[in-house]
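Raw contents of run27.txt, compact mmCIF, C-alpha atoms:
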# COMPACT_ATOMS: atom_id res chain seq x y z
CA MET P 1 22.83 18.75 -75.56
CA ALA P 2 23.24 20.16 -79.06
CA LYS P 3 21.60 23.47 -78.32
CA HIS P 4 23.94 23.99 -75.38
CA SER P 5 27.06 23.51 -77.49
CA GLU P 6 25.75 26.05 -80.01
CA SER P 7 25.09 28.61 -77.28
CA ASN P 8 28.54 27.98 -75.79
CA ASN P 9 30.16 29.23 -78.99
CA MET P 10 28.46 32.60 -78.49
CA LEU P 11 29.31 32.92 -74.80
CA THR P 12 32.05 35.17 -73.48
CA LEU P 13 33.28 35.60 -69.95
CA LYS P 14 31.44 38.92 -69.75
CA THR P 15 28.11 37.45 -70.87
CA LEU P 16 28.36 34.44 -68.57
CA THR P 17 25.64 34.24 -65.89
CA LYS P 18 24.99 32.00 -62.89
CA SER P 19 22.51 30.15 -65.07
CA SER P 20 24.41 29.81 -68.35
CA VAL P 21 27.59 28.79 -66.52
CA TRP P 22 25.95 25.39 -65.93
CA ASP P 23 26.01 24.79 -69.69
CA ILE P 24 29.78 24.81 -69.97
CA GLN P 25 32.58 22.50 -68.87
CA GLU P 26 36.00 23.04 -67.28
CA ASN P 27 37.87 23.50 -70.57
CA ASP P 28 35.30 26.10 -71.63
CA VAL P 29 36.02 28.16 -68.51
CA PHE P 30 39.74 28.29 -69.28
CA ARG P 31 39.00 29.17 -72.90
CA LEU P 32 36.62 32.00 -71.98
CA TRP P 33 39.03 33.38 -69.40
CA GLU P 34 41.91 33.33 -71.86
CA GLY P 35 39.77 35.18 -74.40
CA ALA P 36 39.11 37.97 -71.89
CA GLU P 37 42.63 38.37 -70.49
CA LYS P 38 43.23 41.70 -72.25
CA ASP P 39 39.86 43.14 -71.25
CA ALA P 40 40.38 45.93 -68.70
CA ASP P 41 36.86 45.47 -67.30
CA VAL P 42 37.59 41.80 -66.53
CA ARG P 43 40.85 42.68 -64.77
CA GLU P 44 39.04 45.27 -62.65
CA ASN P 45 36.20 42.87 -61.73
CA VAL P 46 38.03 39.57 -61.32
CA ARG P 47 36.13 38.66 -58.16
CA HIS P 48 32.76 39.15 -59.87
CA TYR P 49 33.62 36.69 -62.66
CA GLN P 50 35.16 34.28 -60.18
CA ASP P 51 31.92 34.27 -58.17
CA ILE P 52 29.91 33.41 -61.28
CA ILE P 53 32.25 30.52 -62.07
CA ARG P 54 32.26 29.32 -58.46
CA SER P 55 28.46 29.00 -58.52
CA ALA P 56 28.87 25.99 -60.83
CA PHE P 57 32.51 24.96 -60.38
CA MET P 58 34.83 24.17 -57.52
CA ILE P 59 38.01 26.23 -57.88
CA GLU P 60 41.23 25.26 -56.14
CA GLU P 61 44.28 27.47 -56.46
CA VAL P 62 47.26 25.19 -56.95
CA LYS P 63 50.32 26.61 -55.23
CA ASP P 64 52.59 23.79 -56.33
CA ASP P 65 52.07 23.17 -60.03
CA SER P 66 54.44 20.23 -60.20
CA LYS P 67 53.44 17.27 -62.33
CA ALA P 68 52.77 15.13 -59.25
CA VAL P 69 50.36 17.67 -57.74
CA LYS P 70 48.59 18.24 -61.06
CA ALA P 71 48.18 14.50 -61.51
CA LYS P 72 46.63 14.26 -58.04
CA TYR P 73 43.96 16.83 -58.94
CA GLU P 74 43.32 15.29 -62.34
CA LYS P 75 42.79 11.91 -60.72
CA GLN P 76 39.94 13.50 -58.72
CA GLY P 77 38.31 14.80 -61.90
CA TYR P 78 39.76 18.33 -61.93
CA LYS P 79 41.08 20.15 -64.98
CA VAL P 80 44.29 22.07 -64.27
CA ALA P 81 45.50 25.14 -66.17
CA GLN P 82 46.86 28.65 -65.68
CA VAL P 83 44.76 31.80 -65.72
CA LYS P 84 45.85 35.43 -65.81
CA LEU P 85 44.25 37.45 -63.01
CA ASP P 86 46.22 40.65 -63.53
CA GLU P 87 48.67 42.16 -65.97
CA ASN P 88 51.59 40.37 -64.36
CA VAL P 89 49.85 37.76 -62.20
CA ARG P 90 49.25 34.20 -63.36
CA VAL P 91 47.91 31.44 -61.11
CA THR P 92 47.17 27.77 -61.60
CA TRP P 93 43.56 26.71 -61.14
CA ALA P 94 42.14 23.25 -60.64
CA LEU P 95 38.50 23.28 -61.82
CA LYS P 96 35.74 20.74 -61.35
CA LYS P 97 32.03 21.02 -62.14
CA ARG P 98 29.90 20.90 -59.02
CA PRO P 99 28.06 17.57 -58.95
CA ILE P 100 24.28 17.46 -58.60
CA ILE P 101 23.79 14.43 -56.38
CA ARG P 102 21.25 15.36 -53.73
CA VAL P 103 18.02 17.35 -53.95
CA THR P 104 19.73 20.05 -51.88
CA ASP P 105 22.15 20.55 -54.81
CA LEU P 106 19.25 21.73 -56.98
CA THR P 107 18.94 25.49 -57.49
CA TYR P 108 16.87 27.83 -59.65
CA GLU P 109 20.05 28.41 -61.69
CA ASN P 110 20.82 24.77 -62.50
CA ILE P 111 17.38 23.13 -62.54
CA ARG P 112 16.85 23.79 -66.27
CA HIS P 113 20.31 22.49 -67.12
CA ILE P 114 19.67 18.88 -66.15
CA SER P 115 17.57 16.28 -67.94
CA ALA P 116 14.45 14.60 -66.59
CA ALA P 117 16.44 11.37 -66.37
CA LYS P 118 19.04 13.14 -64.20
CA LEU P 119 16.29 14.59 -61.99
CA VAL P 120 14.78 11.13 -61.50
CA GLU P 121 18.24 9.85 -60.57
CA VAL P 122 18.67 12.60 -57.98
CA LEU P 123 15.20 12.01 -56.53
CA ASP P 124 15.77 8.27 -56.37
CA ARG P 125 18.95 8.80 -54.37
CA ASN P 126 17.15 10.93 -51.79
CA PHE P 127 13.68 9.48 -51.58
CA GLY P 128 12.12 7.60 -48.75
CA GLY P 129 8.67 9.05 -48.30
CA GLY P 130 7.91 10.07 -51.88
CA TRP P 131 7.12 13.46 -53.37
CA ASP P 132 5.45 14.75 -50.21
CA SER P 133 8.62 14.11 -48.22
CA LEU P 134 10.35 16.97 -50.04
CA SER P 135 10.34 20.45 -48.57
CA GLN P 136 8.19 23.05 -50.30
CA SER P 137 11.27 25.07 -51.28
CA ILE P 138 12.77 22.06 -53.12
CA LYS P 139 9.44 21.36 -54.81
CA ASP P 140 9.27 24.98 -56.01
CA ILE P 141 12.75 24.73 -57.53
CA ILE P 142 11.95 21.45 -59.30
CA GLU P 143 8.59 22.68 -60.60
CA SER P 144 10.18 25.86 -61.97
CA GLY P 145 11.91 23.67 -64.56
CA PHE P 146 9.81 20.50 -64.79
CA ASP P 147 6.22 19.43 -65.15
CA ILE P 148 5.60 17.08 -62.23
CA SER P 149 2.62 14.80 -61.61
CA THR P 150 2.16 11.88 -59.25
CA THR P 151 -0.16 8.95 -58.72
CA THR P 152 -0.27 6.23 -56.08
CA LEU P 153 -1.82 2.87 -56.98
CA PRO P 154 -1.59 -0.79 -56.01
CA LYS P 155 1.34 -2.50 -57.73
CA ASP P 156 -0.89 -4.60 -59.99
CA ARG P 157 -2.84 -1.57 -61.22
CA LEU P 158 -0.01 0.93 -61.84
CA HIS P 159 0.98 -0.50 -65.22
CA LYS P 160 -2.56 -1.19 -66.36
CA LYS P 161 -2.86 -0.90 -70.12
CA GLY P 162 -4.21 2.48 -71.21
CA GLY P 163 -3.71 3.94 -67.75
CA MET P 164 -1.94 7.11 -66.62
CA TYR P 165 1.47 5.43 -66.48
CA GLU P 166 1.35 4.33 -70.10
CA LYS P 167 0.05 7.71 -71.29
CA LYS P 168 2.73 9.67 -69.45
CA ILE P 169 5.54 7.52 -70.81
CA ALA P 170 4.14 7.94 -74.33
CA ASP P 171 4.09 11.71 -73.76
CA GLY P 172 7.82 11.78 -73.02
CA TYR P 173 7.82 11.78 -69.22
CA ASP P 174 10.49 10.04 -67.14
CA VAL P 175 9.15 8.22 -64.11
CA LEU P 176 10.35 7.25 -60.66
CA GLU P 177 8.52 4.50 -58.79
CA VAL P 178 8.60 4.67 -55.00
CA GLN P 179 7.53 1.52 -53.18
CA LYS P 180 5.03 2.04 -50.37
CA GLY P 181 4.18 -1.41 -49.10
CA SER P 182 1.76 -3.01 -51.52
CA TRP P 183 1.25 0.35 -53.22
CA VAL P 184 3.53 2.33 -55.55
CA GLU P 185 3.86 6.08 -55.94
CA ALA P 186 4.82 7.07 -59.48
CA ILE P 187 6.43 10.51 -59.92
CA PHE P 188 6.43 11.72 -63.53
CA ALA P 189 8.84 14.43 -64.68
CA LYS P 190 9.21 16.27 -67.97
CA LEU P 191 11.35 19.32 -68.74
CA LYS P 192 9.20 22.40 -69.34
CA PRO P 193 9.64 24.14 -72.70
CA GLU P 194 11.48 27.43 -72.46
CA THR P 195 9.26 30.45 -72.91
CA GLU P 196 10.57 33.80 -74.06
CA LYS P 197 9.74 36.59 -71.64
CA PRO P 198 7.88 39.51 -73.22
CA ARG P 199 9.96 42.66 -73.55
CA MET P 200 8.79 46.25 -73.64
CA LYS P 201 9.24 47.93 -77.00
CA PHE P 202 9.79 51.66 -77.18
CA SER P 203 8.76 53.72 -80.19
CA THR P 204 11.60 55.11 -82.29
CA MET P 205 9.37 57.01 -84.73
CA ASP P 206 10.69 60.39 -85.82
CA ASP P 207 8.71 63.62 -86.02
CA GLU P 208 7.57 62.97 -89.56
CA GLU P 209 6.05 59.60 -88.58
CA LEU P 210 4.31 61.23 -85.62
CA GLY P 211 2.84 63.94 -87.84
CA ASN P 212 4.95 66.74 -86.33
CA GLU P 213 7.03 67.53 -89.42
CA GLY P 214 8.09 71.15 -89.53
CA ASP P 215 6.45 72.04 -86.21
CA GLU P 216 9.40 73.39 -84.24
CA GLU P 217 7.22 74.57 -81.36
CA ASP P 218 6.32 70.96 -80.52
CA GLU P 219 9.95 69.93 -80.00
CA ASP P 220 9.95 71.06 -76.34
CA VAL P 221 6.69 69.91 -74.85
CA GLU P 222 5.94 71.30 -71.44
CA ILE P 223 4.24 68.72 -69.26
CA GLU P 224 1.86 70.28 -66.79
CA ASP P 225 2.37 69.17 -63.21
CA ASP P 226 -1.03 68.43 -61.67
CA TYR P 227 0.37 66.84 -58.53
CA ASN P 228 -0.06 69.89 -56.29
CA LYS P 229 -3.32 71.08 -57.81
CA PRO P 230 -6.29 70.98 -55.42
CA ASP P 231 -8.81 68.23 -55.89
CA GLU P 232 -11.82 69.05 -58.01
CA ASP P 233 -14.09 68.77 -54.98
CA ASP P 234 -11.99 71.41 -53.14
CA VAL P 235 -12.23 74.03 -55.89
CA GLU P 236 -14.77 76.77 -55.18
CA ILE P 237 -16.76 77.30 -58.38
CA GLU P 238 -18.21 80.74 -58.89
CA ASP P 239 -21.76 80.99 -60.16
CA PRO P 240 -21.77 83.78 -62.80
CA ASP P 241 -25.52 84.37 -62.32
CA ASP P 242 -25.21 85.25 -58.62
CA ASP P 243 -24.55 88.74 -57.38
CA GLU P 244 -21.35 89.30 -55.51
CA ILE P 245 -21.67 87.89 -52.02
CA THR P 246 -20.76 90.30 -49.21
CA GLU P 247 -21.18 90.48 -45.47
CA ASP P 248 -24.36 92.51 -45.98
CA ASN P 249 -26.21 90.02 -48.14
CA TYR P 250 -25.07 86.72 -46.70
CA SER P 251 -25.57 85.12 -43.31
CA THR P 252 -24.54 81.73 -42.17
CA MET P 253 -27.25 81.60 -39.48
CA MET P 254 -30.97 82.21 -39.44
CA ASP P 255 -31.99 84.75 -36.82
CA LEU P 256 -34.81 83.02 -35.02
CA SER P 257 -34.48 84.80 -31.68
CA GLY P 258 -36.44 87.99 -32.38
CA ASP P 259 -39.77 86.41 -33.08
CA ASP P 260 -41.84 84.09 -30.96
CA GLU P 261 -44.03 83.11 -33.83
CA GLU P 262 -44.12 79.44 -34.71
CA ILE P 263 -41.76 78.46 -37.49
CA THR P 264 -43.74 76.74 -40.18
CA ALA P 265 -42.84 74.97 -43.38
CA ASP P 266 -44.15 78.01 -45.32
CA SER P 267 -41.88 80.43 -43.46
CA LEU P 268 -38.85 78.23 -44.12
CA GLU P 269 -39.85 78.06 -47.77
CA ASP P 270 -40.04 81.84 -47.91
CA TYR P 271 -36.60 82.06 -46.30
CA ALA P 272 -35.21 79.72 -48.87
CA ASP P 273 -36.74 81.79 -51.66
CA ASP P 274 -35.08 84.93 -50.28
Can the structure in the file be given as structure tokens, please?
Amino acid sequence: MAKHSESNNMLTLKTLTKSSVWDIQENDVFRLWEGAEKDADVRENVRHYQDIIRSAFMIEEVKDDSKAVKAKYEKQGYKVAQVKLDENVRVTWALKKRPIIRVTDLTYENIRHISAAKLVEVLDRNFGGGWDSLSQSIKDIIESGFDISTTTLPKDRLHKKGGMYEKKIADGYDVLEVQKGSWVEAIFAKLKPETEKPRMKFSTMDDEELGNEGDEEDEDVEIEDDYNKPDEDDVEIEDPDDDEITEDNYSTMMDLSGDDEEITADSLEDYADD
């Protein structure tokens, strides 16, 4: 794809990820590695970069780099070249892009790097029971990169003029037809458009823009820690109109034992007034 070749020109070994590595080919790997040979960080983290490459490529270390051995690897679709792993260590690698043949080869990293036509080809190679025969985990991977819809109709109705099949094809979907006796399940697939994830933006305004020009006291702002403060409900609020409460003028119990008189609503009211 054109956009992939443009992005490849901006890639370096250090910016390569387990997703973007699916955009490049064997010769690109050798080129990127050669461009980073003098980078101390690459030499110190060789295994990290190898792991990224291995996620999309099969790497064979060729002990015997004779012409006959190289030709054997090349016949199997490998690209063979030397890479520098350390200051004085060079090895010969045979590289080959991992094929995506079965649905189990699909991953969240590579699903957006194949076309809808390729997806249909992979599904066709693995299908027997249709879309519902796939595991939920495989469905989740596929639907993370593709819009999928299905319909099951009798053979003579599937291609009916003006129907779903015709509309989906006109809208750019690829389709796989799975025979189910006298019925056909049609699975429609279309690559989802890439959406840019929102990023947080932090203010870089200086003091003048914030209205703090010339106010040196505001440079060190002390932030009050309220974490250990008691809750508002737990704070005892003093009533400024009340006299100071002491043991002599406050009792937590009503003394009802010294009087046999009947307690009435009026007496309780008087007590409350006191």
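The coordinates place CA of Ser55 (chain P) at 28.9 Å from CA of Val175 (chain P).
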Checklist entry - Leaving out Arg98 (chain P) and any residue of its chain fewer than 2 positions from it, which residues lie within 7 Å of it when counting all atoms listed in the file, given as JSON, numbers by chain? => result {"P": [56, 57, 58, 96, 100]}
Item to check | Long-range neighbours of Gly181 (chain P) as a ChimeraX atom specification, 10 Å cut-off, all atoms listed in the file, 3 positions minimum in chain | outcome: /P:154-155,178,184
Near Gly129 (chain P), counting all atoms listed in the file, which residues have an atom at most 9 Å away, once you skip same-chain residues fewer than 3 positions from it, shown as a PDB file with C-alpha atoms, keeping the file's coordinate frame?
ATOM      1  CA  ASP P 132       5.450  14.750 -50.210  1.00  0.00           C
ATOM      2  CA  SER P 133       8.620  14.110 -48.220  1.00  0.00           C
ATOM      3  CA  LEU P 134      10.350  16.970 -50.040  1.00  0.00           C
ATOM      4  CA  VAL P 178       8.600   4.670 -55.000  1.00  0.00           C
ATOM      5  CA  LYS P 180       5.030   2.040 -50.370  1.00  0.00           C
TER       6      LYS P 180
END
Checklist entry - Rounded to one decimal in Å, what is the spacing between CA of Glu26 (chain P) and CA of Arg54 (chain P)? => result 11.5 Å
